[in-house]
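Just below is one structure, and these are the notes that go with it.
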Amino acid sequence: MAALAMGGNGDLDLAAAARQLGDAQLVPLVVDAFASSAPALLQQFRQSVLADDEAQVRRHLHRLTPTLALLASQDLQDQCGHVFALWRAPRTAEREARSLALAGRLDALASEAAQSADRSGQSTP
């Protein structure tokens with residue numbers, strides 16, 4: 001349960017994850033899975049943004065959506081939804097910048113998740 005004691009400075013919302021999952025013991029497993037898989041996915045997401053590959057960007061955002069719905073603050077979920085909408089609409093100048101800004105926040109979320117997973121692992125016997 002130590003992972004749930006994390007402060008609210010970032011975008012990781014572990015209390016909401018526990019409520020949605022219905023079992024606080026599952027939260028560290030989800031957090032650890034996200035922390036492990038996110039770096040590679042975010043690298044691919046950035047590459048797709050820079051290559052202006054609309055289909056791949058939408059695919060990566062779609063893959064992130066369920067995890068963000070569980071772990072991320074509402075503000076980050078909203079930002080992801082906005083970026084997804086930008087990639088479904090005609091190209092705009094802000095699309096790449098907002099997408100890369102989202103990637104930065106997702107990197108921070110992954111780092112926060114990794115720190116939480118580390119603390120959770122240390123607290124188990």
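Please note that chains go A, B, ... in the order of the structure tokens, that every chain numbers its residues from 1, and that ligands are numbered from 1 in the order shown.
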Sorted per-residue table, stretch 71-125 of chain A near stretch 25-47 of chain A, closest atoms and distance, 7 Å, only C-alpha atoms, as a tab-separated table:
```
residue	atom	partner	partner_atom	distance
A:Leu100	CA	A:Arg46	CA	6.7
A:Ala103	CA	A:Leu42	CA	6.5
A:Ala110	CA	A:Ala35	CA	5.0
A:Ser111	CA	A:Ala35	CA	7.0
A:Ala113	CA	A:Ala35	CA	5.4
A:Ala114	CA	A:Ala35	CA	5.0
A:Ala117	CA	A:Asp32	CA	5.4
A:Ser120	CA	A:Pro28	CA	6.7
```
task: Check the DSSP output for the backbone and give back, as a PyMOL selection string, the residues of chain A in alpha helix (DSSP H).
output: chain A and resi 14-21+27-50+54-71+74-88+94-123
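Taking atom CA of A:Ala17 as the reference point, atom CA of A:Ala72 is found at 8.4 Å.
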- line: atom CA of A:Arg91 to atom CA of A:Asp78 measures 19.7 Å
- request: Grab the atom CA of A:Thr67 to atom CA of A:Ala93 distance for me, in Å with one decimal place.
  value: 28.0 Å
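For the choices A:Ala55, A:Leu102, A:Leu68, A:Leu61, the atom-to-atom distance to A:Leu14 is smallest for A:Leu68 when using only C-alpha atoms.
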